[in-house]
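Source file: query-v1.txt. Holds: compact mmCIF, C-alpha atoms.
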```
# COMPACT_ATOMS: atom_id res chain seq x y z
CA MET A 1 162.19 49.25 121.11
CA ARG A 2 160.20 50.56 118.17
CA GLN A 3 158.65 53.99 118.79
CA ILE A 4 154.97 54.38 118.07
CA LYS A 5 153.96 57.81 116.85
CA LEU A 6 150.82 58.91 118.62
CA PRO A 7 148.32 61.15 116.84
CA HIS A 8 148.42 64.79 117.78
CA LEU A 9 146.15 65.49 120.69
CA PRO A 10 144.97 69.08 121.09
CA SER A 11 146.07 70.92 124.16
CA ASP A 12 143.52 72.42 126.53
CA LEU A 13 144.10 75.80 124.91
CA GLU A 14 143.56 74.42 121.41
CA ALA A 15 140.41 72.61 122.53
CA ARG A 16 139.01 75.78 124.02
CA LYS A 17 139.77 77.66 120.79
CA SER A 18 138.01 74.96 118.78
CA ASP A 19 134.93 75.10 121.02
CA LEU A 20 134.90 78.89 120.75
CA LEU A 21 135.07 78.80 116.96
CA THR A 22 132.25 76.24 116.89
CA ASP A 23 130.09 78.43 119.14
CA LEU A 24 130.81 81.46 116.99
CA TRP A 25 129.87 79.52 113.84
CA TYR A 26 126.51 78.44 115.29
CA LYS A 27 125.77 81.94 116.58
CA GLY A 28 126.63 83.35 113.18
CA LYS A 29 124.32 80.84 111.53
CA GLU A 30 121.46 81.73 113.90
CA THR A 31 122.03 85.43 113.23
CA GLN A 32 121.92 84.80 109.47
CA ILE A 33 118.67 82.85 109.77
CA LYS A 34 117.11 85.67 111.79
CA GLN A 35 118.37 88.21 109.25
CA ASP A 36 116.89 86.17 106.39
CA LYS A 37 113.51 86.21 108.14
CA ILE A 38 113.72 89.96 108.68
CA GLU A 39 114.65 90.55 105.04
CA LYS A 40 111.76 88.36 103.91
CA LYS A 41 109.32 90.46 105.94
CA VAL A 42 110.76 93.66 104.49
CA ILE A 43 110.55 92.36 100.91
CA MET A 44 106.88 91.33 101.20
CA LYS A 45 104.89 94.50 100.52
CA ASN A 46 101.13 94.04 100.78
CA ILE A 47 99.37 97.14 99.46
CA VAL A 48 95.78 98.32 99.90
CA ILE A 49 94.94 100.56 96.92
CA PHE A 50 92.17 102.99 97.61
CA GLY A 51 90.21 105.41 95.49
CA ALA A 52 86.79 106.39 94.19
CA PRO A 53 85.35 104.84 91.02
CA GLY A 54 87.29 106.34 88.11
CA SER A 55 90.36 107.25 90.19
CA GLY A 56 92.63 104.94 88.19
CA LYS A 57 93.08 102.07 90.66
CA GLY A 58 93.01 99.43 87.91
CA THR A 59 95.55 101.19 85.73
CA GLN A 60 97.97 101.89 88.58
CA SER A 61 97.54 98.35 89.93
CA ASP A 62 98.59 96.99 86.51
CA LEU A 63 101.71 99.17 86.58
CA MET A 64 102.59 97.99 90.11
CA ILE A 65 102.10 94.36 89.12
CA GLU A 66 104.38 94.77 86.10
CA HIS A 67 107.07 96.75 87.93
CA TYR A 68 107.18 94.96 91.30
CA GLY A 69 105.82 91.49 90.49
CA LEU A 70 103.01 91.87 93.03
CA GLY A 71 99.93 89.68 93.15
CA HIS A 72 96.48 91.23 92.74
CA ILE A 73 93.25 90.48 94.56
CA SER A 74 90.17 92.27 93.24
CA THR A 75 87.17 91.58 95.46
CA GLY A 76 84.69 91.56 92.57
CA ASP A 77 86.82 89.31 90.36
CA VAL A 78 87.52 86.87 93.21
CA LEU A 79 83.86 86.63 94.15
CA ARG A 80 82.74 86.02 90.57
CA ALA A 81 85.44 83.36 90.14
CA GLU A 82 84.39 81.47 93.30
CA ILE A 83 80.75 81.52 92.23
CA LYS A 84 81.60 80.41 88.68
CA LYS A 85 83.74 77.51 89.95
CA GLY A 86 80.95 76.43 92.28
CA THR A 87 83.14 76.23 95.39
CA GLU A 88 81.53 75.93 98.81
CA LEU A 89 82.47 79.54 99.55
CA GLY A 90 81.07 80.57 96.17
CA LYS A 91 77.78 78.75 96.78
CA THR A 92 77.42 80.39 100.18
CA ALA A 93 78.11 83.81 98.67
CA GLN A 94 75.60 83.18 95.89
CA GLY A 95 72.96 82.37 98.50
CA PHE A 96 73.37 85.81 100.10
CA ILE A 97 73.30 87.52 96.71
CA ASP A 98 70.16 85.65 95.61
CA ASN A 99 68.41 86.79 98.79
CA GLY A 100 69.42 90.40 98.16
CA GLN A 101 71.74 90.42 101.15
CA LEU A 102 75.24 91.81 101.54
CA ILE A 103 77.97 89.20 101.83
CA PRO A 104 79.12 89.05 105.49
CA ASP A 105 82.63 90.34 106.18
CA GLU A 106 83.66 86.96 107.65
CA LEU A 107 82.76 85.16 104.41
CA MET A 108 84.50 87.75 102.24
CA VAL A 109 87.68 87.53 104.32
CA SER A 110 87.59 83.72 104.08
CA ILE A 111 87.42 83.99 100.29
CA LEU A 112 90.25 86.54 100.20
CA ALA A 113 92.34 84.40 102.58
CA LYS A 114 91.98 81.42 100.23
CA VAL A 115 93.23 83.46 97.28
CA TYR A 116 96.00 85.09 99.36
CA ASP A 117 97.29 81.67 100.47
CA SER A 118 97.37 80.52 96.85
CA PHE A 119 100.28 82.91 96.19
CA GLY A 120 102.47 80.81 98.51
CA ARG A 121 104.85 81.95 101.22
CA GLY A 122 107.51 83.39 98.94
CA HIS A 123 105.44 86.05 97.20
CA LYS A 124 106.59 89.67 96.97
CA GLY A 125 103.30 91.10 98.14
CA VAL A 126 99.68 91.47 97.09
CA ILE A 127 97.55 94.44 96.04
CA PHE A 128 94.14 94.43 97.73
CA ASP A 129 91.73 96.19 95.35
CA GLY A 130 88.15 96.86 96.45
CA PHE A 131 88.69 95.62 100.00
CA PRO A 132 88.48 96.79 102.70
CA ARG A 133 85.65 99.28 102.37
CA THR A 134 84.79 99.68 106.06
CA ILE A 135 86.67 99.76 109.37
CA PRO A 136 85.43 96.27 110.44
CA GLN A 137 86.71 94.92 107.11
CA ALA A 138 90.09 96.61 107.66
CA GLU A 139 90.29 95.05 111.12
CA ALA A 140 89.37 91.64 109.70
CA LEU A 141 92.03 91.94 106.99
CA LYS A 142 94.64 92.92 109.58
CA LYS A 143 93.72 89.90 111.70
CA MET A 144 93.87 87.52 108.72
CA LEU A 145 97.35 88.73 107.78
CA ASP A 146 98.52 88.70 111.42
CA GLU A 147 97.61 85.00 111.63
CA ARG A 148 100.06 84.41 108.77
CA GLY A 149 102.81 86.59 110.20
CA ASP A 150 102.17 89.20 107.49
CA LYS A 151 100.80 92.73 107.40
CA VAL A 152 99.62 95.58 105.20
CA ALA A 153 102.70 97.63 104.32
CA ALA A 154 100.81 100.66 102.98
CA MET A 155 97.41 102.01 102.09
CA ILE A 156 97.73 104.12 98.93
CA GLU A 157 94.87 106.57 98.33
CA LEU A 158 94.41 107.93 94.81
CA ASP A 159 92.70 111.28 95.32
CA VAL A 160 90.88 112.73 92.30
CA PRO A 161 88.48 115.76 92.36
CA GLU A 162 84.84 114.80 91.99
CA ASP A 163 84.26 116.76 88.78
CA GLU A 164 87.15 114.89 87.14
CA LEU A 165 85.74 111.57 88.36
CA MET A 166 82.39 112.44 86.76
CA THR A 167 84.07 113.30 83.47
CA ARG A 168 86.12 110.09 83.42
CA LEU A 169 83.21 107.80 84.31
CA ILE A 170 80.78 109.35 81.85
CA LYS A 171 83.42 109.03 79.12
CA ARG A 172 84.04 105.42 80.15
CA GLY A 173 80.31 104.71 79.96
CA GLN A 174 80.13 106.14 76.45
CA GLN A 175 83.06 103.98 75.33
CA SER A 176 82.09 100.75 77.07
CA GLY A 177 78.31 101.01 77.03
CA ARG A 178 78.16 100.30 80.78
CA ALA A 179 74.66 101.12 81.97
CA ASP A 180 75.85 102.11 85.45
CA ASP A 181 78.16 104.85 84.13
CA ASN A 182 75.48 107.53 83.83
CA GLU A 183 75.49 110.81 85.76
CA GLU A 184 72.75 109.93 88.26
CA THR A 185 74.20 106.53 89.14
CA ILE A 186 77.74 107.91 89.34
CA LYS A 187 76.66 110.57 91.85
CA LYS A 188 75.07 107.90 94.05
CA ARG A 189 78.21 105.74 93.90
CA LEU A 190 80.39 108.69 94.89
CA VAL A 191 78.12 109.55 97.83
CA VAL A 192 78.37 105.94 99.07
CA TYR A 193 82.14 105.95 98.55
CA HIS A 194 82.71 109.12 100.54
CA SER A 195 80.36 108.17 103.38
CA GLN A 196 81.88 104.68 103.75
CA THR A 197 85.51 105.38 103.16
CA GLN A 198 86.32 108.63 104.91
CA PRO A 199 86.33 106.90 108.33
CA LEU A 200 88.50 104.16 106.83
CA ILE A 201 91.06 106.71 105.63
CA GLU A 202 91.26 108.07 109.18
CA TRP A 203 91.69 104.51 110.52
CA TYR A 204 94.66 103.88 108.24
CA LYS A 205 96.13 107.24 109.20
CA LYS A 206 96.07 106.15 112.86
CA GLU A 207 97.76 102.88 111.81
CA GLY A 208 100.50 104.96 110.21
CA LEU A 209 99.90 103.32 106.82
CA HIS A 210 98.04 106.00 104.84
CA HIS A 211 99.76 107.55 101.81
CA HIS A 212 97.99 110.27 99.84
CA ILE A 213 98.61 110.37 96.09
CA ASN A 214 97.39 113.16 93.83
CA GLY A 215 95.52 111.16 91.20
CA LEU A 216 95.21 114.08 88.78
CA GLY A 217 97.93 114.23 86.11
CA THR A 218 99.87 111.96 83.79
CA LEU A 219 100.06 108.21 84.41
CA GLU A 220 103.84 108.47 84.60
CA ARG A 221 103.82 111.16 87.30
CA ILE A 222 101.19 109.39 89.37
CA PHE A 223 103.03 106.07 89.17
CA GLY A 224 106.28 107.85 90.02
CA ASP A 225 104.69 109.09 93.25
CA ILE A 226 103.46 105.56 94.02
CA GLN A 227 106.96 104.18 93.38
CA GLN A 228 108.40 106.60 95.93
CA VAL A 229 106.00 105.26 98.54
CA ILE A 230 106.65 101.57 97.80
CA ASP A 231 110.42 101.93 97.44
CA ASN A 232 110.63 103.57 100.86
CA LEU A 233 108.60 100.95 102.72
```
Would you write out, as structure tokens, the structure that this file holds?
Amino acid sequence: MRQIKLPHLPSDLEARKSDLLTDLWYKGKETQIKQDKIEKKVIMKNIVIFGAPGSGKGTQSDLMIEHYGLGHISTGDVLRAEIKKGTELGKTAQGFIDNGQLIPDELMVSILAKVYDSFGRGHKGVIFDGFPRTIPQAEALKKMLDERGDKVAAMIELDVPEDELMTRLIKRGQQSGRADDNEETIKKRLVVYHSQTQPLIEWYKKEGLHHHINGLGTLERIFGDIQQVIDNL
């Protein structure tokens, strides 16, 4: 009689080992996926940059963009762009402006959300410049980011003495010819800034996100201090 060689059939022990290895592989894969999500959240660093007119927000934002590859959302620039393009949000905003009214927080957040979403899901983070200015705006920004599974990683305050701010802004006005950079107007802007923003600084302190930066000194030293904050987030 010719013998027929049967294929090897795994023993019960071998089968159990195989099942165990399969389970371990799937668990390892799930752990890796979870880790990837965690790392993505850590990498995304949304920054609120804060400071009085003349504190150097624009200059330091440019350095952060170049060094970290962050996006940048300037409230004024975004608003002007929406109005210029004639979008529905822009038309609505223009209506409030034409009537001498402040743009409602809800509308401003909707405009910012549209720009924020345009960066896609894989961005490294965004600098919010000029927003928020009040506690309700900060709460609205937090809610908007929460809905996307994101958050503000830090609020960086550039603190510059008022006499230095006056000097910088007057000099800027002389160089640029900006009509609003005169002593009387500057004083009014600083009064508004301090009255509006001091409560907001306290709000971010309670959130554990406030980082004070001495804005007086060389660009390199100031940016070095900012780097320390961002690198440790």
For Ser61 in chain A: contacts at 9 Å, only C-alpha atoms, fewer than 3 positions along chain excluded, given as a list of chain:residue names
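Skipping anything fewer than 3 positions along the chain leaves A:Ile49, A:Gly56, A:Lys57, A:Gly58, A:Met64, A:Ile65, A:Glu66, A:His72, A:Ile127, A:Asp129.
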Output C-alpha atoms of each residue in that selection to a file, as a PDB file, in the coordinates of the input.
```pdb
ATOM      1  CA  ILE A  49      94.940 100.560  96.920  1.00  0.00           C
ATOM      2  CA  GLY A  56      92.630 104.940  88.190  1.00  0.00           C
ATOM      3  CA  LYS A  57      93.080 102.070  90.660  1.00  0.00           C
ATOM      4  CA  GLY A  58      93.010  99.430  87.910  1.00  0.00           C
ATOM      5  CA  MET A  64     102.590  97.990  90.110  1.00  0.00           C
ATOM      6  CA  ILE A  65     102.100  94.360  89.120  1.00  0.00           C
ATOM      7  CA  GLU A  66     104.380  94.770  86.100  1.00  0.00           C
ATOM      8  CA  HIS A  72      96.480  91.230  92.740  1.00  0.00           C
ATOM      9  CA  ILE A 127      97.550  94.440  96.040  1.00  0.00           C
ATOM     10  CA  ASP A 129      91.730  96.190  95.350  1.00  0.00           C
TER      11      ASP A 129
END
```
Contacts of range 220-231 of chain A within 9 Å, only C-alpha atoms, excl. fewer than 6 positions in-chain, as a list of chain:residue names:
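Selected residues are A:Lys45, A:Ile47, A:Gln60, A:Leu63, A:Met64, A:Ala153, A:Ala154, A:Ile156, A:Leu158, A:His211, A:Ile213, A:Asn214.
From CA of Ile73 in chain A back to CA of Phe128 in chain A, the distance works out to 5.1 Å.
With all atoms listed in the file as the atoms that count, the minimum distance from Gly173 in chain A to the choices A:Gly54, A:Gly76, A:Phe96, A:Glu207 is reached by A:Gly54.
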Nearby residues (only C-alpha atoms) at most 9 Å from Glu162 in chain A, same-chain spacing under 5 positions excluded, as a ChimeraX atom specification
/A:52,167,190
From CA of Pro136 in chain A to CA of Ile111 in chain A the spacing works out at 16.1 Å
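Those residues that approach Gly90 in chain A to within 12 Å, counting all atoms listed in the file, are A:Asp77, A:Val78, A:Leu79, A:Arg80, A:Ala81, A:Glu82, A:Ile83, A:Lys84, A:Lys85, A:Gly86, A:Thr87, A:Glu88, A:Thr92, A:Ala93, A:Gln94, A:Gly95, A:Phe96, A:Ile97, A:Ile103, A:Leu107, A:Met108, A:Ser110, A:Ile111, A:Leu112, A:Lys114; same-chain residues fewer than 2 positions away are not listed.
What separates CA of Ser195 in chain A from CA of His212 in chain A is a distance of 18.1 Å.
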If you count all atoms listed in the file, which residues fall within 10 Å of range 138-141 of chain A, apart from same-chain ones fewer than 6 positions away, as a list in words?
Val48, Asp105, Glu106, Met108, Val109, Ser110, Leu112, Ala113, Phe128, Phe131, Pro132, Lys151, Val152, Leu200, Trp203 and Tyr204 of chain A
Output C-alpha atoms of each residue in that selection to a file, as a tab-separated table (two decimals), in the coordinates of the input.
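Listing of again29.tsv after writing:
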```tsv
chain	number	residue	atom	x	y	z
A	48	VAL	CA	95.78	98.32	99.90
A	105	ASP	CA	82.63	90.34	106.18
A	106	GLU	CA	83.66	86.96	107.65
A	108	MET	CA	84.50	87.75	102.24
A	109	VAL	CA	87.68	87.53	104.32
A	110	SER	CA	87.59	83.72	104.08
A	112	LEU	CA	90.25	86.54	100.20
A	113	ALA	CA	92.34	84.40	102.58
A	128	PHE	CA	94.14	94.43	97.73
A	131	PHE	CA	88.69	95.62	100.00
A	132	PRO	CA	88.48	96.79	102.70
A	151	LYS	CA	100.80	92.73	107.40
A	152	VAL	CA	99.62	95.58	105.20
A	200	LEU	CA	88.50	104.16	106.83
A	203	TRP	CA	91.69	104.51	110.52
A	204	TYR	CA	94.66	103.88	108.24
```
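Closest approach to Asp117 in chain A among A:Pro161, A:Glu147, A:Ile135, A:Leu219: A:Glu147, based on all atoms listed in the file.
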Quick one: of A:Val191, A:Glu157, A:Ile186, A:Gln174, who's nearest to Lys205 in chain A, counting all atoms listed in the file?
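Between A:Val191, A:Glu157, A:Ile186, A:Gln174, the residue approaching Lys205 in chain A most closely is A:Glu157.
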Kindly indicate which residue among A:Asp163, A:Leu233, A:Met155, A:Gln175 lies nearest to Lys206 in chain A, using all atoms listed in the file for the distances.
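The answer is A:Met155, which sits nearest to Lys206 in chain A.
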Which residue gives the smallest distance to Gly122 in chain A among A:Gly69, A:Gly100, A:Gly215, A:Pro53, with all atoms listed in the file counted?
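Looking at the shortest contact to Gly122 in chain A, the residue is A:Gly69.
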